$ cat start_7.pdb   # PDB, N, CA and C atoms
MODEL        1
ATOM      1  N   MET A 543     -63.841  89.417  27.390
ATOM      2  CA  MET A 543     -62.424  89.551  27.129
ATOM      3  C   MET A 543     -61.996  88.504  26.110
ATOM      4  N   TYR A 544     -60.832  88.741  25.508
ATOM      5  CA  TYR A 544     -60.357  87.911  24.405
ATOM      6  C   TYR A 544     -58.867  87.649  24.592
ATOM      7  N   ALA A 545     -58.420  86.438  24.294
ATOM      8  CA  ALA A 545     -57.013  86.056  24.506
ATOM      9  C   ALA A 545     -56.337  85.668  23.200
ATOM     10  N   ARG A 546     -55.053  85.987  23.140
ATOM     11  CA  ARG A 546     -54.176  85.495  22.066
ATOM     12  C   ARG A 546     -53.044  84.742  22.769
ATOM     13  N   ILE A 547     -52.851  83.493  22.375
ATOM     14  CA  ILE A 547     -51.795  82.669  22.957
ATOM     15  C   ILE A 547     -50.863  82.261  21.826
ATOM     16  N   ILE A 548     -49.578  82.536  22.015
ATOM     17  CA  ILE A 548     -48.588  82.238  20.986
ATOM     18  C   ILE A 548     -47.519  81.329  21.579
ATOM     19  N   LYS A 549     -47.282  80.224  20.903
ATOM     20  CA  LYS A 549     -46.187  79.329  21.274
ATOM     21  C   LYS A 549     -45.055  79.578  20.285
ATOM     22  N   LEU A 550     -43.898  79.943  20.818
ATOM     23  CA  LEU A 550     -42.717  80.217  19.997
ATOM     24  C   LEU A 550     -41.662  79.161  20.271
ATOM     25  N   THR A 551     -41.147  78.568  19.212
ATOM     26  CA  THR A 551     -40.054  77.603  19.321
ATOM     27  C   THR A 551     -38.885  78.153  18.515
ATOM     28  N   PHE A 552     -37.773  78.400  19.194
ATOM     29  CA  PHE A 552     -36.607  79.034  18.581
ATOM     30  C   PHE A 552     -35.534  78.014  18.242
ATOM     31  N   MET A 553     -34.615  78.421  17.393
ATOM     32  CA  MET A 553     -33.518  77.550  16.959
ATOM     33  C   MET A 553     -32.546  77.268  18.110
ATOM     34  N   ASN A 554     -32.388  78.246  19.016
ATOM     35  CA  ASN A 554     -31.478  78.080  20.155
ATOM     36  C   ASN A 554     -31.863  79.061  21.260
ATOM     37  N   ASP A 555     -31.195  78.932  22.399
ATOM     38  CA  ASP A 555     -31.536  79.770  23.542
ATOM     39  C   ASP A 555     -31.194  81.243  23.318
ATOM     40  N   PHE A 556     -30.145  81.520  22.547
ATOM     41  CA  PHE A 556     -29.763  82.905  22.279
ATOM     42  C   PHE A 556     -30.859  83.627  21.493
ATOM     43  N   SER A 557     -31.362  82.996  20.447
ATOM     44  CA  SER A 557     -32.413  83.636  19.653
ATOM     45  C   SER A 557     -33.689  83.792  20.473
ATOM     46  N   LYS A 558     -33.960  82.862  21.377
ATOM     47  CA  LYS A 558     -35.134  82.972  22.244
ATOM     48  C   LYS A 558     -35.006  84.180  23.164
ATOM     49  N   GLU A 559     -33.860  84.342  23.776
ATOM     50  CA  GLU A 559     -33.667  85.466  24.696
ATOM     51  C   GLU A 559     -33.710  86.806  23.966
ATOM     52  N   ALA A 560     -33.102  86.874  22.780
ATOM     53  CA  ALA A 560     -33.119  88.118  22.002
ATOM     54  C   ALA A 560     -34.543  88.482  21.600
ATOM     55  N   ALA A 561     -35.282  87.529  21.092
ATOM     56  CA  ALA A 561     -36.663  87.783  20.671
ATOM     57  C   ALA A 561     -37.537  88.116  21.873
ATOM     58  N   SER A 562     -37.311  87.456  22.983
ATOM     59  CA  SER A 562     -38.108  87.700  24.177
ATOM     60  C   SER A 562     -37.945  89.138  24.659
ATOM     61  N   SER A 563     -36.722  89.652  24.609
ATOM     62  CA  SER A 563     -36.487  91.051  25.007
ATOM     63  C   SER A 563     -37.272  92.006  24.107
ATOM     64  N   LEU A 564     -37.260  91.740  22.822
ATOM     65  CA  LEU A 564     -38.012  92.565  21.870
ATOM     66  C   LEU A 564     -39.507  92.505  22.163
ATOM     67  N   LEU A 565     -40.019  91.312  22.409
ATOM     68  CA  LEU A 565     -41.455  91.146  22.645
ATOM     69  C   LEU A 565     -41.911  91.829  23.929
ATOM     70  N   VAL A 566     -41.065  91.815  24.958
ATOM     71  CA  VAL A 566     -41.399  92.511  26.205
ATOM     72  C   VAL A 566     -41.543  94.008  25.932
ATOM     73  N   GLU A 567     -40.590  94.571  25.205
ATOM     74  CA  GLU A 567     -40.655  96.005  24.892
ATOM     75  C   GLU A 567     -41.864  96.349  24.029
ATOM     76  N   LEU A 568     -42.170  95.508  23.050
ATOM     77  CA  LEU A 568     -43.354  95.750  22.220
ATOM     78  C   LEU A 568     -44.628  95.729  23.051
ATOM     79  N   GLY A 569     -44.689  94.805  23.995
ATOM     80  CA  GLY A 569     -45.859  94.748  24.870
ATOM     81  C   GLY A 569     -46.016  96.031  25.665
ATOM     82  N   LYS A 570     -44.908  96.513  26.212
ATOM     83  CA  LYS A 570     -44.947  97.732  27.024
ATOM     84  C   LYS A 570     -45.320  98.956  26.202
ATOM     85  N   THR A 571     -44.768  99.057  25.018
ATOM     86  CA  THR A 571     -44.975 100.269  24.224
ATOM     87  C   THR A 571     -46.218 100.177  23.352
ATOM     88  N   LYS A 572     -46.265  99.241  22.465
ATOM     89  CA  LYS A 572     -47.371  99.171  21.509
ATOM     90  C   LYS A 572     -48.574  98.397  22.033
ATOM     91  N   GLY A 573     -48.336  97.332  22.775
ATOM     92  CA  GLY A 573     -49.445  96.506  23.250
ATOM     93  C   GLY A 573     -50.413  97.256  24.143
ATOM     94  N   PHE A 574     -49.892  97.866  25.207
ATOM     95  CA  PHE A 574     -50.766  98.596  26.120
ATOM     96  C   PHE A 574     -51.385  99.810  25.438
ATOM     97  N   ALA A 575     -50.646 100.447  24.536
ATOM     98  CA  ALA A 575     -51.193 101.587  23.795
ATOM     99  C   ALA A 575     -52.365 101.156  22.900
ATOM    100  N   ALA A 576     -52.345  99.889  22.451
ATOM    101  CA  ALA A 576     -53.406  99.372  21.585
ATOM    102  C   ALA A 576     -54.569  98.763  22.370
ATOM    103  N   GLY A 577     -54.508  98.842  23.703
ATOM    104  CA  GLY A 577     -55.620  98.357  24.511
ATOM    105  C   GLY A 577     -55.388  97.056  25.248
ATOM    106  N   MET A 578     -54.195  96.472  25.120
ATOM    107  CA  MET A 578     -53.911  95.221  25.821
ATOM    108  C   MET A 578     -54.109  95.427  27.327
ATOM    109  N   LEU A 579     -54.723  94.455  27.969
ATOM    110  CA  LEU A 579     -54.976  94.526  29.404
ATOM    111  C   LEU A 579     -53.932  93.795  30.234
ATOM    112  N   PHE A 580     -53.366  92.723  29.659
ATOM    113  CA  PHE A 580     -52.546  91.810  30.452
ATOM    114  C   PHE A 580     -51.641  91.044  29.508
ATOM    115  N   ARG A 581     -50.403  90.778  29.956
ATOM    116  CA  ARG A 581     -49.476  89.963  29.168
ATOM    117  C   ARG A 581     -48.743  89.024  30.121
ATOM    118  N   LEU A 582     -48.601  87.780  29.706
ATOM    119  CA  LEU A 582     -47.949  86.761  30.517
ATOM    120  C   LEU A 582     -47.056  85.929  29.612
ATOM    121  N   SER A 583     -45.828  85.687  30.041
ATOM    122  CA  SER A 583     -44.919  84.814  29.286
ATOM    123  C   SER A 583     -44.472  83.674  30.176
ATOM    124  N   VAL A 584     -44.349  82.501  29.579
ATOM    125  CA  VAL A 584     -43.921  81.314  30.309
ATOM    126  C   VAL A 584     -42.848  80.609  29.487
ATOM    127  N   ASP A 585     -41.657  80.464  30.063
ATOM    128  CA  ASP A 585     -40.595  79.700  29.416
ATOM    129  C   ASP A 585     -40.812  78.229  29.745
ATOM    130  N   ILE A 586     -41.058  77.423  28.711
ATOM    131  CA  ILE A 586     -41.308  76.005  28.959
ATOM    132  C   ILE A 586     -40.079  75.158  28.679
ATOM    133  N   SER A 587     -39.070  75.750  28.037
ATOM    134  CA  SER A 587     -37.781  75.088  27.853
ATOM    135  C   SER A 587     -36.783  76.158  27.448
ATOM    136  N   THR A 588     -35.545  75.771  27.193
ATOM    137  CA  THR A 588     -34.527  76.751  26.799
ATOM    138  C   THR A 588     -34.788  77.322  25.417
ATOM    139  N   THR A 589     -35.644  76.683  24.638
ATOM    140  CA  THR A 589     -35.927  77.177  23.285
ATOM    141  C   THR A 589     -37.411  77.438  23.020
ATOM    142  N   GLN A 590     -38.264  77.282  24.036
ATOM    143  CA  GLN A 590     -39.699  77.475  23.828
ATOM    144  C   GLN A 590     -40.287  78.439  24.846
ATOM    145  N   ARG A 591     -41.222  79.245  24.363
ATOM    146  CA  ARG A 591     -41.911  80.205  25.213
ATOM    147  C   ARG A 591     -43.361  80.323  24.769
ATOM    148  N   TYR A 592     -44.245  80.405  25.758
ATOM    149  CA  TYR A 592     -45.640  80.746  25.507
ATOM    150  C   TYR A 592     -45.838  82.207  25.914
ATOM    151  N   SER A 593     -46.607  82.920  25.133
ATOM    152  CA  SER A 593     -46.964  84.291  25.458
ATOM    153  C   SER A 593     -48.470  84.410  25.350
ATOM    154  N   MET A 594     -49.095  84.967  26.384
ATOM    155  CA  MET A 594     -50.538  85.145  26.366
ATOM    156  C   MET A 594     -50.848  86.612  26.598
ATOM    157  N   THR A 595     -51.679  87.162  25.741
ATOM    158  CA  THR A 595     -52.131  88.531  25.926
ATOM    159  C   THR A 595     -53.649  88.536  26.050
ATOM    160  N   ILE A 596     -54.135  89.436  26.899
ATOM    161  CA  ILE A 596     -55.561  89.555  27.150
ATOM    162  C   ILE A 596     -56.007  90.938  26.670
ATOM    163  N   TRP A 597     -57.109  90.931  25.931
ATOM    164  CA  TRP A 597     -57.654  92.148  25.322
ATOM    165  C   TRP A 597     -59.083  92.332  25.784
ATOM    166  N   PRO A 598     -59.600  93.560  25.764
ATOM    167  CA  PRO A 598     -60.980  93.776  26.206
ATOM    168  C   PRO A 598     -62.000  93.045  25.337
ATOM    169  N   HIS A 599     -61.700  92.929  24.033
ATOM    170  CA  HIS A 599     -62.621  92.264  23.118
ATOM    171  C   HIS A 599     -61.866  91.851  21.859
ATOM    172  N   LYS A 600     -62.524  91.060  21.055
ATOM    173  CA  LYS A 600     -61.914  90.514  19.844
ATOM    174  C   LYS A 600     -61.440  91.616  18.894
ATOM    175  N   THR A 601     -62.190  92.674  18.781
ATOM    176  CA  THR A 601     -61.836  93.757  17.861
ATOM    177  C   THR A 601     -60.500  94.392  18.220
ATOM    178  N   SER A 602     -60.251  94.641  19.491
ATOM    179  CA  SER A 602     -58.970  95.249  19.889
ATOM    180  C   SER A 602     -57.811  94.288  19.646
ATOM    181  N   GLU A 603     -58.032  92.997  19.845
ATOM    182  CA  GLU A 603     -56.981  92.010  19.556
ATOM    183  C   GLU A 603     -56.688  91.999  18.062
ATOM    184  N   GLU A 604     -57.708  91.980  17.249
ATOM    185  CA  GLU A 604     -57.517  91.960  15.799
ATOM    186  C   GLU A 604     -56.833  93.229  15.302
ATOM    187  N   ASN A 605     -57.214  94.381  15.845
ATOM    188  CA  ASN A 605     -56.589  95.636  15.435
ATOM    189  C   ASN A 605     -55.108  95.665  15.778
ATOM    190  N   SER A 606     -54.751  95.197  16.964
ATOM    191  CA  SER A 606     -53.334  95.178  17.353
ATOM    192  C   SER A 606     -52.551  94.201  16.477
ATOM    193  N   TRP A 607     -53.193  93.106  16.108
ATOM    194  CA  TRP A 607     -52.546  92.121  15.246
ATOM    195  C   TRP A 607     -52.196  92.751  13.904
ATOM    196  N   LYS A 608     -53.137  93.478  13.341
ATOM    197  CA  LYS A 608     -52.907  94.136  12.057
ATOM    198  C   LYS A 608     -51.904  95.281  12.184
ATOM    199  N   LEU A 609     -51.953  95.981  13.294
ATOM    200  CA  LEU A 609     -51.107  97.146  13.515
ATOM    201  C   LEU A 609     -49.628  96.787  13.638
ATOM    202  N   PHE A 610     -49.315  95.735  14.433
ATOM    203  CA  PHE A 610     -47.907  95.395  14.627
ATOM    204  C   PHE A 610     -47.634  93.915  14.864
ATOM    205  N   GLY A 611     -48.563  93.172  15.388
ATOM    206  CA  GLY A 611     -48.320  91.780  15.750
ATOM    207  C   GLY A 611     -47.982  90.874  14.591
ATOM    208  N   GLU A 612     -48.729  90.990  13.535
ATOM    209  CA  GLU A 612     -48.532  90.126  12.372
ATOM    210  C   GLU A 612     -47.132  90.301  11.776
ATOM    211  N   GLU A 613     -46.692  91.544  11.654
ATOM    212  CA  GLU A 613     -45.378  91.832  11.069
ATOM    213  C   GLU A 613     -44.238  91.307  11.948
ATOM    214  N   VAL A 614     -44.368  91.480  13.251
ATOM    215  CA  VAL A 614     -43.327  91.009  14.169
ATOM    216  C   VAL A 614     -43.190  89.490  14.089
ATOM    217  N   LEU A 615     -44.304  88.784  14.095
ATOM    218  CA  LEU A 615     -44.231  87.328  14.056
ATOM    219  C   LEU A 615     -43.778  86.826  12.693
ATOM    220  N   LYS A 616     -44.061  87.560  11.650
ATOM    221  CA  LYS A 616     -43.532  87.218  10.328
ATOM    222  C   LYS A 616     -42.002  87.284  10.350
ATOM    223  N   LYS A 617     -41.469  88.328  10.975
ATOM    224  CA  LYS A 617     -40.009  88.472  11.074
ATOM    225  C   LYS A 617     -39.396  87.369  11.937
ATOM    226  N   LEU A 618     -40.086  86.988  12.998
ATOM    227  CA  LEU A 618     -39.593  85.892  13.836
ATOM    228  C   LEU A 618     -39.525  84.595  13.034
ATOM    229  N   LYS A 619     -40.544  84.337  12.233
ATOM    230  CA  LYS A 619     -40.542  83.133  11.388
ATOM    231  C   LYS A 619     -39.364  83.147  10.423
ATOM    232  N   GLU A 620     -39.019  84.329   9.927
ATOM    233  CA  GLU A 620     -37.889  84.440   9.003
ATOM    234  C   GLU A 620     -36.557  84.084   9.667
ATOM    235  N   THR A 621     -36.490  84.171  10.994
ATOM    236  CA  THR A 621     -35.266  83.784  11.710
ATOM    237  C   THR A 621     -35.199  82.279  11.939
ATOM    238  N   GLY A 622     -36.260  81.568  11.570
ATOM    239  CA  GLY A 622     -36.303  80.128  11.770
ATOM    240  C   GLY A 622     -37.160  79.693  12.940
ATOM    241  N   ALA A 623     -37.746  80.657  13.648
ATOM    242  CA  ALA A 623     -38.617  80.314  14.772
ATOM    243  C   ALA A 623     -39.927  79.734  14.257
ATOM    244  N   ARG A 624     -40.461  78.789  15.002
ATOM    245  CA  ARG A 624     -41.778  78.233  14.687
ATOM    246  C   ARG A 624     -42.807  78.960  15.553
ATOM    247  N   VAL A 625     -43.892  79.395  14.941
ATOM    248  CA  VAL A 625     -44.899  80.196  15.627
ATOM    249  C   VAL A 625     -46.249  79.500  15.509
ATOM    250  N   GLU A 626     -46.885  79.258  16.660
ATOM    251  CA  GLU A 626     -48.222  78.675  16.688
ATOM    252  C   GLU A 626     -49.126  79.640  17.442
ATOM    253  N   ILE A 627     -50.245  80.026  16.827
ATOM    254  CA  ILE A 627     -51.123  81.037  17.406
ATOM    255  C   ILE A 627     -52.513  80.452  17.662
ATOM    256  N   SER A 628     -53.025  80.730  18.851
ATOM    257  CA  SER A 628     -54.397  80.365  19.213
ATOM    258  C   SER A 628     -55.083  81.619  19.734
ATOM    259  N   ARG A 629     -56.372  81.734  19.456
ATOM    260  CA  ARG A 629     -57.154  82.897  19.893
ATOM    261  C   ARG A 629     -58.529  82.438  20.335
ATOM    262  N   GLY A 630     -59.122  83.231  21.219
ATOM    263  CA  GLY A 630     -60.496  82.929  21.575
ATOM    264  C   GLY A 630     -61.002  83.766  22.719
ATOM    265  N   PRO A 631     -62.318  83.758  22.884
ATOM    266  CA  PRO A 631     -62.920  84.502  23.996
ATOM    267  C   PRO A 631     -62.620  83.814  25.323
ATOM    268  N   ILE A 632     -62.443  84.606  26.344
ATOM    269  CA  ILE A 632     -62.235  84.060  27.691
ATOM    270  C   ILE A 632     -63.607  83.820  28.287
ATOM    271  N   ASN A 633     -63.885  82.575  28.596
ATOM    272  CA  ASN A 633     -65.207  82.258  29.143
ATOM    273  C   ASN A 633     -65.173  81.970  30.634
ATOM    274  N   GLU A 634     -63.973  81.929  31.196
ATOM    275  CA  GLU A 634     -63.862  81.701  32.641
ATOM    276  C   GLU A 634     -62.519  82.213  33.117
ATOM    277  N   MET A 635     -62.506  82.864  34.275
ATOM    278  CA  MET A 635     -61.264  83.303  34.895
ATOM    279  C   MET A 635     -61.449  83.225  36.400
ATOM    280  N   GLN A 636     -60.523  82.572  37.055
ATOM    281  CA  GLN A 636     -60.582  82.470  38.500
ATOM    282  C   GLN A 636     -59.262  82.988  39.063
ATOM    283  N   ILE A 637     -59.352  83.853  40.054
ATOM    284  CA  ILE A 637     -58.161  84.420  40.675
ATOM    285  C   ILE A 637     -58.299  84.256  42.181
ATOM    286  N   SER A 638     -57.283  83.697  42.793
ATOM    287  CA  SER A 638     -57.298  83.490  44.238
ATOM    288  C   SER A 638     -57.303  84.826  44.973
ATOM    289  N   LYS A 639     -58.053  84.902  46.044
ATOM    290  CA  LYS A 639     -58.056  86.103  46.867
ATOM    291  C   LYS A 639     -56.722  86.270  47.589
ATOM    292  N   ASP A 640     -55.916  85.206  47.619
ATOM    293  CA  ASP A 640     -54.635  85.241  48.327
ATOM    294  C   ASP A 640     -53.454  85.629  47.443
ATOM    295  N   ILE A 641     -53.681  85.878  46.167
ATOM    296  CA  ILE A 641     -52.586  86.188  45.267
ATOM    297  C   ILE A 641     -52.001  87.564  45.582
ATOM    298  N   ASP A 642     -50.683  87.645  45.533
ATOM    299  CA  ASP A 642     -49.971  88.900  45.765
ATOM    300  C   ASP A 642     -49.323  89.324  44.452
ATOM    301  N   LEU A 643     -49.987  90.184  43.719
ATOM    302  CA  LEU A 643     -49.473  90.613  42.418
ATOM    303  C   LEU A 643     -48.282  91.569  42.540
ATOM    304  N   SER A 644     -47.968  92.019  43.750
ATOM    305  CA  SER A 644     -46.857  92.951  43.913
ATOM    306  C   SER A 644     -45.499  92.309  43.615
ATOM    307  N   ILE A 645     -45.445  90.974  43.533
ATOM    308  CA  ILE A 645     -44.170  90.320  43.226
ATOM    309  C   ILE A 645     -43.850  90.370  41.736
ATOM    310  N   PHE A 646     -44.813  90.830  40.923
ATOM    311  CA  PHE A 646     -44.631  90.933  39.483
ATOM    312  C   PHE A 646     -44.504  92.379  39.062
ATOM    313  N   HIS A 647     -43.874  92.592  37.919
ATOM    314  CA  HIS A 647     -43.767  93.936  37.364
ATOM    315  C   HIS A 647     -45.113  94.330  36.787
ATOM    316  N   VAL A 648     -45.647  95.425  37.240
ATOM    317  CA  VAL A 648     -46.921  95.920  36.740
ATOM    318  C   VAL A 648     -46.708  97.311  36.181
ATOM    319  N   ASN A 649     -47.145  97.526  34.927
ATOM    320  CA  ASN A 649     -47.006  98.866  34.316
ATOM    321  C   ASN A 649     -48.073  99.790  34.794
TER     322      ASN A 649
ENDMDL
END

$ encode --input "start_7.pdb" --output "structure tokens"
Amino acid sequence: MYARIIKLTFMNDFSKEAASSLLVELGKTKGFAAGMLFRLSVDISTTQRYSMTIWPHKTSEENSWKLFGEEVLKKLKETGARVEISRGPINEMQISKDIDLSIFHVN
């Protein structure tokens, strides 16, 4: 599996919330259609958010990036948001047997 992690820093909380709504919809519509397996967002402050997407392999991540990801993040940068992107293969994943995923929205 392969991960893309994006740190977004926005000019203010309003722009963060507006962009976050757009990114959620893109994940639901285009991300899963392009092979995305998992998406997680973490608000680390009123103006910062991390987004992590998990893909079956590097090729599917790269294809989705070319298909729609690159253009969306280019537009976010034009609004003044700072975008930092990290990518790499997942070499370890541990999940507790006690986790209850039903508390989260699952498509």

$ closest_residue --input "start_7.pdb" --among "A:Phe552, A:Ser557, A:Tyr544, A:Pro598" --to "Gly622 (chain A)" --atoms "all atoms listed in the file"
A:Phe552

$ resolve_selection --input "start_7.pdb" --expression "the PyMOL selection byres (((chain A and resi 571-588 and name CA) around 8) and name CA)" --output "JSON list (two decimals) with N, CA and C atoms, keeping the file's coordinate frame"
[["chain", "number", "residue", "atom", "x", "y", "z"],
["A", 554, "ASN", "N", -32.39, 78.25, 19.02],
["A", 554, "ASN", "CA", -31.48, 78.08, 20.16],
["A", 554, "ASN", "C", -31.86, 79.06, 21.26],
["A", 555, "ASP", "N", -31.20, 78.93, 22.40],
["A", 555, "ASP", "CA", -31.54, 79.77, 23.54],
["A", 555, "ASP", "C", -31.19, 81.24, 23.32],
["A", 558, "LYS", "N", -33.96, 82.86, 21.38],
["A", 558, "LYS", "CA", -35.13, 82.97, 22.24],
["A", 558, "LYS", "C", -35.01, 84.18, 23.16],
["A", 567, "GLU", "N", -40.59, 94.57, 25.20],
["A", 567, "GLU", "CA", -40.66, 96.00, 24.89],
["A", 567, "GLU", "C", -41.86, 96.35, 24.03],
["A", 568, "LEU", "N", -42.17, 95.51, 23.05],
["A", 568, "LEU", "CA", -43.35, 95.75, 22.22],
["A", 568, "LEU", "C", -44.63, 95.73, 23.05],
["A", 569, "GLY", "N", -44.69, 94.80, 24.00],
["A", 569, "GLY", "CA", -45.86, 94.75, 24.87],
["A", 569, "GLY", "C", -46.02, 96.03, 25.66],
["A", 570, "LYS", "N", -44.91, 96.51, 26.21],
["A", 570, "LYS", "CA", -44.95, 97.73, 27.02],
["A", 570, "LYS", "C", -45.32, 98.96, 26.20],
["A", 589, "THR", "N", -35.64, 76.68, 24.64],
["A", 589, "THR", "CA", -35.93, 77.18, 23.28],
["A", 589, "THR", "C", -37.41, 77.44, 23.02],
["A", 590, "GLN", "N", -38.26, 77.28, 24.04],
["A", 590, "GLN", "CA", -39.70, 77.47, 23.83],
["A", 590, "GLN", "C", -40.29, 78.44, 24.85],
["A", 591, "ARG", "N", -41.22, 79.24, 24.36],
["A", 591, "ARG", "CA", -41.91, 80.20, 25.21],
["A", 591, "ARG", "C", -43.36, 80.32, 24.77],
["A", 592, "TYR", "N", -44.24, 80.40, 25.76],
["A", 592, "TYR", "CA", -45.64, 80.75, 25.51],
["A", 592, "TYR", "C", -45.84, 82.21, 25.91],
["A", 593, "SER", "N", -46.61, 82.92, 25.13],
["A", 593, "SER", "CA", -46.96, 84.29, 25.46],
["A", 593, "SER", "C", -48.47, 84.41, 25.35],
["A", 594, "MET", "N", -49.10, 84.97, 26.38],
["A", 594, "MET", "CA", -50.54, 85.14, 26.37],
["A", 594, "MET", "C", -50.85, 86.61, 26.60],
["A", 595, "THR", "N", -51.68, 87.16, 25.74],
["A", 595, "THR", "CA", -52.13, 88.53, 25.93],
["A", 595, "THR", "C", -53.65, 88.54, 26.05],
["A", 596, "ILE", "N", -54.14, 89.44, 26.90],
["A", 596, "ILE", "CA", -55.56, 89.56, 27.15],
["A", 596, "ILE", "C", -56.01, 90.94, 26.67],
["A", 597, "TRP", "N", -57.11, 90.93, 25.93],
["A", 597, "TRP", "CA", -57.65, 92.15, 25.32],
["A", 597, "TRP", "C", -59.08, 92.33, 25.78],
["A", 598, "PRO", "N", -59.60, 93.56, 25.76],
["A", 598, "PRO", "CA", -60.98, 93.78, 26.21],
["A", 598, "PRO", "C", -62.00, 93.04, 25.34],
["A", 602, "SER", "N", -60.25, 94.64, 19.49],
["A", 602, "SER", "CA", -58.97, 95.25, 19.89],
["A", 602, "SER", "C", -57.81, 94.29, 19.65],
["A", 603, "GLU", "N", -58.03, 93.00, 19.84],
["A", 603, "GLU", "CA", -56.98, 92.01, 19.56],
["A", 603, "GLU", "C", -56.69, 92.00, 18.06],
["A", 605, "ASN", "N", -57.21, 94.38, 15.84],
["A", 605, "ASN", "CA", -56.59, 95.64, 15.44],
["A", 605, "ASN", "C", -55.11, 95.66, 15.78],
["A", 606, "SER", "N", -54.75, 95.20, 16.96],
["A", 606, "SER", "CA", -53.33, 95.18, 17.35],
["A", 606, "SER", "C", -52.55, 94.20, 16.48],
["A", 610, "PHE", "N", -49.32, 95.74, 14.43],
["A", 610, "PHE", "CA", -47.91, 95.40, 14.63],
["A", 610, "PHE", "C", -47.63, 93.92, 14.86]]

$ atom_distance --input "start_7.pdb" --atom1 "atom N of Arg629 (chain A)" --atom2 "atom N of Phe556 (chain A)"
26.4 Å

$ select_by_dssp --input "start_7.pdb" --residues "chain A" --states "helix (DSSP H, G or I)" --output "PyMOL selection string"
chain A and resi 555-575+600-620+643-645

$ atom_distance --input "start_7.pdb" --atom1 "atom N of Thr601 (chain A)" --atom2 "atom N of Ile632 (chain A)"
11.1 Å

$ select_by_dssp --input "start_7.pdb" --residues "chain A" --states "strand (DSSP E or B)" --output "ChimeraX atom specification"
/A:544-551,580-585,590-597,624-631

$ atom_distance --input "start_7.pdb" --atom1 "CA of Ser628 (chain A)" --atom2 "atom C of Ile641 (chain A)"
27.4 Å

$ closest_residue --input "start_7.pdb" --among "A:Leu618, A:Leu564, A:Val625, A:Leu609" --to "Thr551 (chain A)" --atoms "only N, CA and C atoms"
A:Val625

$ resolve_selection --input "start_7.pdb" --expression "the PyMOL selection byres (((chain A and resi 635 and name CA) around 12) and name CA)" --output "compact mmCIF listing (two decimals) with N, CA and C atoms, in the coordinates of the input"
# COMPACT_ATOMS: atom_id res chain seq x y z
N MET A 543 -63.84 89.42 27.39
CA MET A 543 -62.42 89.55 27.13
C MET A 543 -62.00 88.50 26.11
N TYR A 544 -60.83 88.74 25.51
CA TYR A 544 -60.36 87.91 24.40
C TYR A 544 -58.87 87.65 24.59
N ALA A 545 -58.42 86.44 24.29
CA ALA A 545 -57.01 86.06 24.51
C ALA A 545 -56.34 85.67 23.20
N ILE A 596 -54.14 89.44 26.90
CA ILE A 596 -55.56 89.56 27.15
C ILE A 596 -56.01 90.94 26.67
N PRO A 631 -62.32 83.76 22.88
CA PRO A 631 -62.92 84.50 24.00
C PRO A 631 -62.62 83.81 25.32
N ILE A 632 -62.44 84.61 26.34
CA ILE A 632 -62.24 84.06 27.69
C ILE A 632 -63.61 83.82 28.29
N ASN A 633 -63.88 82.58 28.60
CA ASN A 633 -65.21 82.26 29.14
C ASN A 633 -65.17 81.97 30.63
N GLU A 634 -63.97 81.93 31.20
CA GLU A 634 -63.86 81.70 32.64
C GLU A 634 -62.52 82.21 33.12
N GLN A 636 -60.52 82.57 37.06
CA GLN A 636 -60.58 82.47 38.50
C GLN A 636 -59.26 82.99 39.06
N ILE A 637 -59.35 83.85 40.05
CA ILE A 637 -58.16 84.42 40.67
C ILE A 637 -58.30 84.26 42.18
N SER A 638 -57.28 83.70 42.79
CA SER A 638 -57.30 83.49 44.24
C SER A 638 -57.30 84.83 44.97

$ closest_residue --input "start_7.pdb" --among "A:Ala623, A:Gly611, A:Gly630, A:Leu643" --to "Leu550 (chain A)" --atoms "all atoms listed in the file"
A:Ala623

$ decode --input "start_7.pdb" --residues "region 549-572 of chain A" --atoms "C-alpha atoms" --output "compact mmCIF listing (two decimals), in the first residue's frame"
# COMPACT_ATOMS: atom_id res chain seq x y z
CA LYS A 549 -0.42 19.31 5.41
CA LEU A 550 -2.58 22.33 4.58
CA THR A 551 -2.13 25.69 6.28
CA PHE A 552 -4.87 28.22 5.49
CA MET A 553 -5.04 31.99 5.85
CA ASN A 554 -7.99 31.71 8.28
CA ASP A 555 -10.53 29.29 9.70
CA PHE A 556 -13.18 30.17 7.10
CA SER A 557 -10.96 29.22 4.16
CA LYS A 558 -9.97 26.02 5.97
CA GLU A 559 -13.58 24.97 6.48
CA ALA A 560 -14.56 25.82 2.89
CA ALA A 561 -11.63 23.90 1.42
CA SER A 562 -12.18 20.99 3.79
CA SER A 563 -15.78 20.59 2.57
CA LEU A 564 -14.55 20.49 -1.02
CA LEU A 565 -11.84 17.95 -0.22
CA VAL A 566 -14.30 15.64 1.56
CA GLU A 567 -16.56 15.63 -1.51
CA LEU A 568 -13.62 15.02 -3.86
CA GLY A 569 -12.56 12.08 -1.74
CA LYS A 570 -16.03 10.57 -1.88
CA THR A 571 -16.54 11.08 -5.59
CA LYS A 572 -13.21 11.04 -7.37
